[in-house]
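Text of the file my_file.txt, holding compact mmCIF, C-alpha atoms and all ligand atoms:
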```
# COMPACT_ATOMS: atom_id res chain seq x y z
CA MET W 111 -19.14 12.91 -4.83
CA ILE W 112 -17.11 14.41 -7.63
CA THR W 113 -16.79 12.27 -10.73
CA ASN W 114 -14.86 12.55 -13.97
CA SER W 115 -12.06 14.48 -12.34
CA ARG W 116 -8.75 14.72 -14.12
CA SER W 117 -5.82 12.80 -12.71
CA SER W 118 -2.98 14.48 -14.51
CA GLY W 119 -0.60 16.67 -12.65
CA ALA W 120 0.40 20.14 -13.68
CA ASP W 121 3.17 18.63 -15.79
CA GLY W 122 0.72 16.32 -17.53
CA MET W 123 2.08 13.18 -15.86
CA GLU W 124 -0.47 10.48 -15.24
CA MET W 125 -1.34 10.13 -11.57
CA ALA W 126 -1.78 6.77 -9.86
CA ILE W 127 -3.85 8.23 -7.05
CA ASN W 128 -5.53 11.63 -7.03
CA THR W 129 -7.70 12.68 -4.12
CA ARG W 130 -9.86 15.73 -3.94
CA ASP W 131 -11.13 17.17 -0.65
CA LEU W 132 -11.17 13.74 0.96
CA ASN W 133 -12.66 13.82 4.45
CA LEU W 134 -13.33 10.78 6.61
CA TRP W 135 -15.19 10.34 9.88
CA TYR W 136 -15.33 7.36 12.25
CA GLY W 137 -18.73 8.14 13.77
CA THR W 138 -18.40 11.73 14.94
CA PHE W 139 -14.58 11.65 15.02
CA GLN W 140 -12.98 13.20 11.94
CA ALA W 141 -9.80 11.31 11.00
CA LEU W 142 -9.00 12.87 7.59
CA PHE W 143 -9.36 16.54 6.65
CA ASP W 144 -9.42 17.84 3.07
CA ILE W 145 -6.80 15.48 1.68
CA ASN W 146 -5.71 16.66 -1.77
CA LEU W 147 -2.92 14.40 -2.92
CA GLN W 148 -1.54 13.54 -6.31
CA ILE W 149 0.55 10.41 -6.12
CA LYS W 150 2.63 9.71 -9.19
CA LYS W 151 2.63 6.61 -11.28
CA GLY W 152 5.61 4.25 -11.22
CA ILE W 153 7.47 5.68 -8.24
CA ILE W 154 7.65 4.92 -4.53
CA THR W 155 5.95 7.45 -2.30
CA SER W 156 6.35 7.16 1.46
CA LEU W 157 3.80 8.35 3.99
CA ILE W 158 5.10 9.42 7.38
CA GLY W 159 3.71 11.06 10.50
CA PRO W 160 3.12 10.45 14.19
CA SER W 161 0.95 7.63 15.48
CA GLY W 162 -2.75 8.31 14.98
CA CYS W 163 -2.32 10.98 12.28
CA GLY W 164 -4.36 8.97 9.76
CA LYS W 165 -1.79 7.15 7.63
CA SER W 166 -3.54 3.77 7.76
CA THR W 167 -6.92 5.41 7.39
CA PHE W 168 -5.75 7.13 4.22
CA LEU W 169 -4.31 3.93 2.80
CA ARG W 170 -7.47 2.01 3.55
CA SER W 171 -9.58 4.64 1.83
CA VAL W 172 -7.67 3.99 -1.41
CA ASP W 173 -8.71 0.33 -1.25
CA ARG W 174 -12.18 1.07 0.14
CA ILE W 175 -11.55 -1.08 3.20
CA ASN W 176 -12.77 1.52 5.71
CA GLU W 177 -16.32 1.36 4.56
CA ARG W 178 -16.72 -2.17 5.89
CA LEU W 179 -17.23 -0.36 9.18
CA GLY W 180 -20.82 0.87 9.12
CA TYR W 181 -19.97 4.04 11.03
CA VAL W 182 -17.45 5.43 8.53
CA ARG W 183 -18.49 8.41 6.41
CA ILE W 184 -16.45 9.72 3.51
CA THR W 185 -16.78 12.85 1.37
CA GLY W 186 -14.71 13.99 -1.60
CA SER W 187 -13.19 11.74 -4.21
CA VAL W 188 -10.35 9.32 -4.75
CA ASP W 189 -9.31 8.67 -8.33
CA VAL W 190 -7.21 5.66 -9.20
CA PHE W 191 -5.82 6.10 -12.70
CA ASN W 192 -8.52 8.63 -13.57
CA HIS W 193 -11.47 6.71 -12.17
CA ASN W 194 -13.26 7.77 -9.05
CA ILE W 195 -13.28 4.61 -6.96
CA TYR W 196 -16.21 5.88 -4.93
CA ALA W 197 -18.42 6.21 -8.02
CA GLN W 198 -21.52 4.03 -7.92
CA ASP W 199 -20.58 1.76 -10.78
CA VAL W 200 -17.22 0.69 -9.31
CA GLU W 201 -16.91 -3.04 -8.65
CA LEU W 202 -14.94 -3.73 -5.49
CA ALA W 203 -13.46 -6.94 -6.92
CA GLN W 204 -12.09 -4.98 -9.82
CA LEU W 205 -10.67 -2.30 -7.52
CA ARG W 206 -8.97 -4.88 -5.30
CA LYS W 207 -7.41 -6.38 -8.40
CA GLN W 208 -5.95 -3.03 -9.37
CA VAL W 209 -4.88 -2.02 -5.86
CA GLY W 210 -3.05 -4.57 -3.69
CA MET W 211 -2.45 -4.11 0.03
CA VAL W 212 0.32 -5.40 2.29
CA PHE W 213 -0.20 -5.19 6.04
CA GLN W 214 2.03 -4.73 9.05
CA ARG W 215 2.00 -8.35 10.15
CA PRO W 216 2.53 -10.87 7.38
CA ASN W 217 -0.79 -12.67 7.00
CA PRO W 218 -0.35 -15.64 4.65
CA LEU W 219 -3.32 -17.98 4.40
CA PRO W 220 -2.98 -21.33 6.23
CA ILE W 221 -2.59 -23.19 2.95
CA SER W 222 0.48 -24.12 0.92
CA ILE W 223 2.99 -21.59 -0.38
CA ARG W 224 1.89 -22.47 -3.89
CA GLU W 225 -1.82 -22.02 -3.16
CA ASN W 226 -1.17 -18.69 -1.44
CA ILE W 227 0.27 -17.39 -4.69
CA LEU W 228 -2.59 -18.78 -6.75
CA PHE W 229 -5.41 -17.77 -4.41
CA GLY W 230 -6.12 -14.27 -5.77
CA TYR W 231 -5.43 -15.34 -9.31
CA ARG W 232 -7.98 -18.15 -9.08
CA ILE W 233 -10.63 -15.77 -7.70
CA HIS W 234 -10.16 -13.42 -10.61
CA HIS W 235 -9.60 -15.95 -13.39
CA GLU W 236 -11.31 -19.20 -12.60
CA LYS W 237 -14.85 -18.20 -13.48
CA GLY W 238 -14.25 -19.39 -17.00
CA GLY W 239 -12.50 -22.66 -16.12
CA LYS W 240 -9.63 -24.17 -14.18
CA VAL W 241 -6.07 -22.89 -14.33
CA SER W 242 -3.95 -25.64 -15.89
CA LYS W 243 -1.03 -27.10 -13.92
CA GLY W 244 1.48 -25.71 -16.39
CA GLU W 245 0.00 -22.24 -16.20
CA ALA W 246 -0.14 -22.41 -12.40
CA ASP W 247 3.49 -23.53 -12.18
CA GLY W 248 4.56 -20.59 -14.31
CA ILE W 249 2.56 -18.09 -12.26
CA VAL W 250 3.98 -19.38 -8.98
CA GLU W 251 7.56 -19.31 -10.17
CA GLU W 252 7.30 -15.86 -11.71
CA ALA W 253 5.70 -14.32 -8.61
CA LEU W 254 8.24 -15.89 -6.27
CA ARG W 255 11.12 -14.82 -8.47
CA GLN W 256 9.88 -11.24 -8.51
CA VAL W 257 10.09 -11.11 -4.71
CA LEU W 258 13.48 -12.87 -4.63
CA LEU W 259 12.03 -15.86 -2.78
CA TRP W 260 12.09 -18.58 -5.43
CA ASP W 261 15.42 -20.13 -4.54
CA GLN W 262 14.55 -20.40 -0.85
CA VAL W 263 11.17 -22.07 -1.31
CA LYS W 264 11.18 -23.86 -4.65
CA ASP W 265 11.63 -27.27 -3.01
CA ARG W 266 8.84 -26.82 -0.50
CA LEU W 267 6.02 -25.19 -2.41
CA ASP W 268 3.47 -27.61 -0.95
CA GLN W 269 4.43 -26.79 2.62
CA LYS W 270 2.01 -24.68 4.65
CA ALA W 271 2.94 -21.01 4.37
CA THR W 272 2.16 -20.36 8.02
CA MET W 273 4.79 -22.89 9.13
CA GLY W 274 8.52 -22.96 8.54
CA LEU W 275 8.87 -19.55 6.91
CA SER W 276 10.61 -16.64 8.63
CA LEU W 277 8.65 -13.40 9.03
CA GLU W 278 10.71 -11.92 6.22
CA GLU W 279 9.85 -14.81 3.92
CA MET W 280 6.18 -14.58 4.89
CA GLN W 281 6.08 -10.87 4.10
CA LYS W 282 7.73 -11.48 0.74
CA LEU W 283 5.13 -14.16 0.09
CA CYS W 284 2.36 -11.69 0.96
CA ILE W 285 3.77 -9.31 -1.63
CA ALA W 286 4.22 -12.14 -4.15
CA ARG W 287 0.62 -13.30 -3.89
CA LEU W 288 -0.60 -9.87 -5.04
CA LEU W 289 1.42 -9.94 -8.25
CA PRO W 290 -0.34 -12.59 -10.39
CA VAL W 291 -3.49 -10.46 -10.61
CA LYS W 292 -1.31 -7.67 -12.01
CA PRO W 293 -2.15 -4.77 -9.71
CA SER W 294 -1.02 -1.31 -10.76
CA ILE W 295 -0.80 0.07 -7.23
CA LEU W 296 0.69 -1.53 -4.12
CA LEU W 297 -0.26 -0.05 -0.76
CA MET W 298 2.03 -1.10 2.08
CA ASP W 299 1.20 -0.29 5.69
CA GLU W 300 4.44 -0.52 7.66
CA PRO W 301 5.46 -3.72 5.86
CA CYS W 302 8.77 -3.97 7.71
CA SER W 303 7.68 -3.14 11.24
CA ALA W 304 7.48 -6.79 12.37
CA LEU W 305 10.86 -7.68 10.83
CA ASP W 306 14.36 -7.66 12.27
CA PRO W 307 16.99 -5.38 10.68
CA LYS W 308 18.11 -8.06 8.23
CA GLY W 309 14.51 -8.80 7.21
CA THR W 310 13.80 -5.09 6.90
CA ALA W 311 16.79 -4.63 4.63
CA ALA W 312 15.74 -7.57 2.46
CA VAL W 313 12.13 -6.46 2.08
CA GLU W 314 13.19 -2.86 1.41
CA GLU W 315 15.52 -4.08 -1.29
CA LEU W 316 12.62 -5.98 -2.80
CA ILE W 317 10.29 -2.96 -2.68
CA TRP W 318 12.97 -0.97 -4.47
CA GLU W 319 13.22 -3.70 -7.13
CA LEU W 320 9.50 -3.37 -7.80
CA ARG W 321 9.79 0.32 -8.52
CA GLY W 322 8.70 1.35 -11.98
CA ARG W 323 6.57 -1.74 -12.46
CA TYR W 324 4.13 -0.64 -9.77
CA SER W 325 3.13 2.60 -8.13
CA ILE W 326 3.90 2.07 -4.47
CA LEU W 327 2.60 3.97 -1.45
CA ILE W 328 4.34 2.87 1.72
CA VAL W 329 3.62 3.90 5.31
CA THR W 330 6.57 3.85 7.65
CA HIS W 331 7.67 5.08 11.06
CA ASN W 332 11.24 4.54 10.02
CA MET W 333 12.73 7.79 8.76
CA ALA W 334 15.80 6.03 7.42
CA GLN W 335 13.55 3.71 5.43
CA ALA W 336 11.53 6.59 4.03
CA ARG W 337 14.73 8.34 2.98
CA ARG W 338 16.30 5.29 1.42
CA ALA W 339 13.28 3.70 -0.16
CA SER W 340 11.14 6.49 -1.60
CA GLU W 341 11.32 9.19 -4.21
CA GLU W 342 8.54 11.34 -2.84
CA CYS W 343 7.41 11.69 0.73
CA ILE W 344 4.18 12.86 2.36
CA PHE W 345 4.10 14.11 5.93
CA MET W 346 0.75 13.99 7.75
CA LEU W 347 -0.22 15.47 11.09
CA MET W 348 -3.57 15.14 12.86
CA GLY W 349 -5.48 14.03 9.79
CA ARG W 350 -4.04 16.62 7.43
CA VAL W 351 -1.29 16.62 4.82
CA VAL W 352 1.38 19.09 5.90
CA GLU W 353 3.87 18.52 3.12
CA HIS W 354 4.34 16.40 -0.01
CA SER W 355 7.74 16.80 -1.65
CA PRO W 356 10.59 14.92 -3.30
CA THR W 357 12.05 12.87 -0.43
CA ASP W 358 15.47 14.54 -0.47
CA ARG W 359 13.93 17.97 -0.26
CA LEU W 360 11.51 17.02 2.49
CA PHE W 361 14.33 15.70 4.66
CA VAL W 362 16.96 18.31 3.85
CA THR W 363 14.94 21.50 3.49
CA PRO W 364 11.42 20.88 4.81
CA ARG W 365 9.03 23.70 4.02
CA HIS W 366 7.14 23.53 7.29
CA LYS W 367 8.24 23.72 10.88
CA GLU W 368 6.01 20.74 11.79
CA THR W 369 7.84 18.58 9.23
CA ALA W 370 11.23 19.65 10.56
CA ASP W 371 10.14 18.92 14.14
CA TYR W 372 8.95 15.46 13.18
CA ILE W 373 11.95 14.38 11.15
CA GLU W 374 14.26 15.65 13.86
CA GLY W 375 12.40 13.42 16.30
CA ARG W 376 10.86 16.13 18.43
CA TYR W 377 7.54 14.26 18.54
CA GLY W 378 6.00 11.14 17.16
N1 LIG B 1 -11.78 1.64 13.23
C1 LIG B 1 -11.67 2.81 13.85
N2 LIG B 1 -12.68 3.31 14.58
C2 LIG B 1 -12.57 4.50 15.20
N3 LIG B 1 -11.48 5.28 15.17
C3 LIG B 1 -10.43 4.84 14.45
C4 LIG B 1 -10.47 3.57 13.76
N4 LIG B 1 -9.28 3.40 13.14
C5 LIG B 1 -8.53 4.48 13.44
N5 LIG B 1 -9.22 5.34 14.21
C6 LIG B 1 -8.74 6.64 14.71
O1 LIG B 1 -8.42 7.45 13.60
C7 LIG B 1 -7.19 8.15 13.82
C8 LIG B 1 -6.19 7.77 12.73
O2 LIG B 1 -5.85 6.40 12.92
P1 LIG B 1 -4.87 5.63 11.94
O3 LIG B 1 -4.85 4.22 12.37
O4 LIG B 1 -5.26 5.91 10.55
O5 LIG B 1 -3.48 6.34 12.27
P2 LIG B 1 -2.00 5.95 11.83
O6 LIG B 1 -1.35 7.21 11.36
O7 LIG B 1 -2.02 4.79 10.91
O8 LIG B 1 -1.33 5.53 13.24
P3 LIG B 1 -0.18 4.44 13.55
O9 LIG B 1 1.10 5.09 13.17
O10 LIG B 1 -0.28 4.24 15.03
O11 LIG B 1 -0.49 3.19 12.77
C9 LIG B 1 -6.74 7.79 15.23
O12 LIG B 1 -7.20 8.78 16.11
C10 LIG B 1 -7.45 6.48 15.49
O13 LIG B 1 -7.70 6.31 16.88
MG MG B 2 -1.29 2.83 11.01
```
Structure re-expressed in structure tokens:
Amino acid sequence: MITNSRSSGADGMEMAINTRDLNLWYGTFQALFDINLQIKKGIITSLIGPSGCGKSTFLRSVDRINERLGYVRITGSVDVFNHNIYAQDVELAQLRKQVGMVFQRPNPLPISIRENILFGYRIHHEKGGKVSKGEADGIVEEALRQVLLWDQVKDRLDQKATMGLSLEEMQKLCIARLLPVKPSILLMDEPCSALDPKGTAAVEELIWELRGRYSILIVTHNMAQARRASEECIFMLMGRVVEHSPTDRLFVTPRHKETADYIEGRYG
């Protein structure tokens, strides 16, 4: 494993995520090949590519979720803000605080809306004592306001989050509950794929609102979403990165034939 690697790009900009020669195997099957990516701080980067090309695998390797499977092997390094997250002294709890993940299907906990928001915060802060009611109220309101959900749910905060919320509201809640622990990176794995067009539009708008405050890496099968919602775009094919460019350039003048074929819908 490589440690102490630099995470600044050629232009000296601080990188949110910097991988070097990242390879990943599920048993004997290699899912990622020599991934060298520099993902910039404070912007939205989208990750596209056909089904099975390794998008989710890559995302999960930035949060160290893959290794829960005993048969996963990883070589190379992943730096998050200059620290190799695969170094021996990394605490997973600390990493999960810094890197939040949103999944395809909204997965709120079967507890109240309010407690969903406070859940992660309590885990990270309650060792030293209880969170006061006033503090908790402030945290809940701020998180829900950031995801544009406060007005819809402020009168039913004690209602179970798994009941009575639309999928769109649930997904916004799943984003909101990451915010109180102040992550610097949000990983989103097809966060709109379970939503209808209206829900997709609303959640996309929200993701755009969060730009600048967080570094966001979002996987999507929706080309229109990638074009609208991201500043840089990465195209993967069969476990490899084919192209990583400013989104406009990738869609208008792709550098590789494989990218052009994919965005024109010839496979995928
Ligand atoms: N837990 C696992 N065990 C074994 N193989 C896996 C596992 N998860 C994914 N794979 C394999 O690794 C490859 C990449 O899968 P991954 O889920 O990362 O692709 P993806 O790009 O996210 O696809 P999709 O667009 O369908 O979500 C695929 O061949 C998949 O079958
Ligand atoms: Mg996937």
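Between atom C1 of ligand LIG 1 (chain B) and CA of Leu179 (chain W) lies a distance of 7.9 Å.
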Given a cut-off of 12 Å, what residues near ligand LIG 1 (chain B) show up using all atoms listed in the file, put as a VMD selection string? chain W and resid 133 to 143 157 to 171 175 to 183 213 to 214 298 to 301 303 328 to 332 344 to 351 378
For Val188 (chain W), which of W:Asp173, W:Asp371, W:Glu201, W:Glu252 is the closest residue, counting all atoms listed in the file? W:Asp173
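Atom MG of ligand MG 2 (chain B) to CA of Gly230 (chain W) spans 24.4 Å [interatomic distance, one decimal].
Checking W:Arg215, W:Ser294, W:Pro307, W:Glu251 one by one against ligand MG 2 (chain B), counting all atoms listed in the file, you find the shortest gap at W:Arg215.
With only C-alpha atoms as the atoms that count, the minimum distance from Val263 (chain W) to the choices W:Arg224, W:His354, W:His193, W:Lys240 is reached by W:Arg224.
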With 12 Å as the threshold, what does the neighbourhood of (8.5, -13.3, 7.1) contain in terms of residues, counting all atoms listed in the file? Coordinates are those of the file; answer as a ChimeraX atom specification. /W:213-218,259,271-285,301-306,308-310,312-313
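Proximity ranking of W:Glu319, W:Arg287, W:Ser156, W:Leu327 relative to Asp358 (chain W) places W:Ser156 first, based on all atoms listed in the file.
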Please determine, counting all atoms listed in the file, which residue among W:Ile223, W:Ala336, W:Val212, W:Ile326 has the shortest atom-to-atom distance to Val250 (chain W). W:Ile223
CA of Gln269 (chain W) to CA of Lys243 (chain W) measures 17.4 Å
Selected residue of minimal separation from Asn146 (chain W) among W:Gln256, W:Ser187, W:Asn226, W:Gln335, counting all atoms listed in the file: W:Ser187
For region 269-295 of chain W, where the input has fewer atoms than it should, I would like N, CA and C atoms rebuilt and written as a PDB file, keeping the file's coordinate frame.
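The result, written out as out.pdb:
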```
ATOM      1  N   GLN W 269       4.426 -26.952   1.160  1.00  0.00           N
ATOM      2  CA  GLN W 269       4.430 -26.790   2.620  1.00  0.00           C
ATOM      3  C   GLN W 269       3.510 -25.620   2.993  1.00  0.00           C
ATOM      4  N   LYS W 270       2.903 -25.745   4.185  1.00  0.00           N
ATOM      5  CA  LYS W 270       2.010 -24.680   4.650  1.00  0.00           C
ATOM      6  C   LYS W 270       2.786 -23.372   4.834  1.00  0.00           C
ATOM      7  N   ALA W 271       2.222 -22.290   4.335  1.00  0.00           N
ATOM      8  CA  ALA W 271       2.940 -21.010   4.370  1.00  0.00           C
ATOM      9  C   ALA W 271       3.029 -20.429   5.771  1.00  0.00           C
ATOM     10  N   THR W 272       2.158 -20.897   6.651  1.00  0.00           N
ATOM     11  CA  THR W 272       2.160 -20.360   8.020  1.00  0.00           C
ATOM     12  C   THR W 272       3.160 -21.100   8.904  1.00  0.00           C
ATOM     13  N   MET W 273       3.814 -22.122   8.342  1.00  0.00           N
ATOM     14  CA  MET W 273       4.790 -22.890   9.130  1.00  0.00           C
ATOM     15  C   MET W 273       6.127 -22.928   8.391  1.00  0.00           C
ATOM     16  N   GLY W 274       7.199 -22.743   9.131  1.00  0.00           N
ATOM     17  CA  GLY W 274       8.520 -22.960   8.540  1.00  0.00           C
ATOM     18  C   GLY W 274       9.067 -21.804   7.715  1.00  0.00           C
ATOM     19  N   LEU W 275       8.338 -20.715   7.607  1.00  0.00           N
ATOM     20  CA  LEU W 275       8.870 -19.550   6.910  1.00  0.00           C
ATOM     21  C   LEU W 275       9.208 -18.478   7.963  1.00  0.00           C
ATOM     22  N   SER W 276      10.298 -17.760   7.734  1.00  0.00           N
ATOM     23  CA  SER W 276      10.610 -16.640   8.630  1.00  0.00           C
ATOM     24  C   SER W 276       9.619 -15.512   8.342  1.00  0.00           C
ATOM     25  N   LEU W 277       9.554 -14.531   9.251  1.00  0.00           N
ATOM     26  CA  LEU W 277       8.650 -13.400   9.030  1.00  0.00           C
ATOM     27  C   LEU W 277       8.984 -12.679   7.722  1.00  0.00           C
ATOM     28  N   GLU W 278      10.278 -12.575   7.473  1.00  0.00           N
ATOM     29  CA  GLU W 278      10.710 -11.920   6.220  1.00  0.00           C
ATOM     30  C   GLU W 278      10.190 -12.678   5.004  1.00  0.00           C
ATOM     31  N   GLU W 279      10.329 -14.007   5.061  1.00  0.00           N
ATOM     32  CA  GLU W 279       9.850 -14.810   3.920  1.00  0.00           C
ATOM     33  C   GLU W 279       8.327 -14.711   3.793  1.00  0.00           C
ATOM     34  N   MET W 280       7.647 -14.704   4.944  1.00  0.00           N
ATOM     35  CA  MET W 280       6.180 -14.580   4.890  1.00  0.00           C
ATOM     36  C   MET W 280       5.757 -13.250   4.278  1.00  0.00           C
ATOM     37  N   GLN W 281       6.469 -12.176   4.646  1.00  0.00           N
ATOM     38  CA  GLN W 281       6.080 -10.870   4.100  1.00  0.00           C
ATOM     39  C   GLN W 281       6.355 -10.818   2.595  1.00  0.00           C
ATOM     40  N   LYS W 282       7.458 -11.422   2.183  1.00  0.00           N
ATOM     41  CA  LYS W 282       7.730 -11.480   0.740  1.00  0.00           C
ATOM     42  C   LYS W 282       6.648 -12.279   0.025  1.00  0.00           C
ATOM     43  N   LEU W 283       6.207 -13.355   0.676  1.00  0.00           N
ATOM     44  CA  LEU W 283       5.130 -14.160   0.090  1.00  0.00           C
ATOM     45  C   LEU W 283       3.843 -13.332  -0.029  1.00  0.00           C
ATOM     46  N   CYS W 284       3.575 -12.521   0.991  1.00  0.00           N
ATOM     47  CA  CYS W 284       2.360 -11.690   0.960  1.00  0.00           C
ATOM     48  C   CYS W 284       2.424 -10.646  -0.151  1.00  0.00           C
ATOM     49  N   ILE W 285       3.629 -10.215  -0.484  1.00  0.00           N
ATOM     50  CA  ILE W 285       3.770  -9.310  -1.630  1.00  0.00           C
ATOM     51  C   ILE W 285       3.615 -10.123  -2.920  1.00  0.00           C
ATOM     52  N   ALA W 286       4.260 -11.300  -2.937  1.00  0.00           N
ATOM     53  CA  ALA W 286       4.220 -12.140  -4.150  1.00  0.00           C
ATOM     54  C   ALA W 286       2.805 -12.525  -4.538  1.00  0.00           C
ATOM     55  N   ARG W 287       1.963 -12.804  -3.545  1.00  0.00           N
ATOM     56  CA  ARG W 287       0.620 -13.300  -3.890  1.00  0.00           C
ATOM     57  C   ARG W 287      -0.256 -12.212  -4.514  1.00  0.00           C
ATOM     58  N   LEU W 288       0.171 -10.936  -4.385  1.00  0.00           N
ATOM     59  CA  LEU W 288      -0.600  -9.870  -5.040  1.00  0.00           C
ATOM     60  C   LEU W 288      -0.278  -9.793  -6.536  1.00  0.00           C
ATOM     61  N   LEU W 289       0.920 -10.244  -6.909  1.00  0.00           N
ATOM     62  CA  LEU W 289       1.420  -9.940  -8.250  1.00  0.00           C
ATOM     63  C   LEU W 289       0.706 -10.648  -9.396  1.00  0.00           C
ATOM     64  N   PRO W 290       0.283 -11.924  -9.234  1.00  0.00           N
ATOM     65  CA  PRO W 290      -0.340 -12.590 -10.390  1.00  0.00           C
ATOM     66  C   PRO W 290      -1.599 -11.904 -10.912  1.00  0.00           C
ATOM     67  N   VAL W 291      -2.301 -11.147 -10.079  1.00  0.00           N
ATOM     68  CA  VAL W 291      -3.490 -10.460 -10.610  1.00  0.00           C
ATOM     69  C   VAL W 291      -3.126  -9.128 -11.270  1.00  0.00           C
ATOM     70  N   LYS W 292      -1.836  -8.858 -11.319  1.00  0.00           N
ATOM     71  CA  LYS W 292      -1.310  -7.670 -12.010  1.00  0.00           C
ATOM     72  C   LYS W 292      -1.930  -6.357 -11.495  1.00  0.00           C
ATOM     73  N   PRO W 293      -1.683  -6.056 -10.235  1.00  0.00           N
ATOM     74  CA  PRO W 293      -2.150  -4.770  -9.710  1.00  0.00           C
ATOM     75  C   PRO W 293      -1.313  -3.642 -10.295  1.00  0.00           C
ATOM     76  N   SER W 294      -1.859  -2.438 -10.332  1.00  0.00           N
ATOM     77  CA  SER W 294      -1.020  -1.310 -10.760  1.00  0.00           C
ATOM     78  C   SER W 294      -0.520  -0.525  -9.558  1.00  0.00           C
ATOM     79  N   ILE W 295      -1.217  -0.665  -8.427  1.00  0.00           N
ATOM     80  CA  ILE W 295      -0.800   0.070  -7.230  1.00  0.00           C
ATOM     81  C   ILE W 295      -0.602  -0.910  -6.078  1.00  0.00           C
TER      82      ILE W 295
END
```
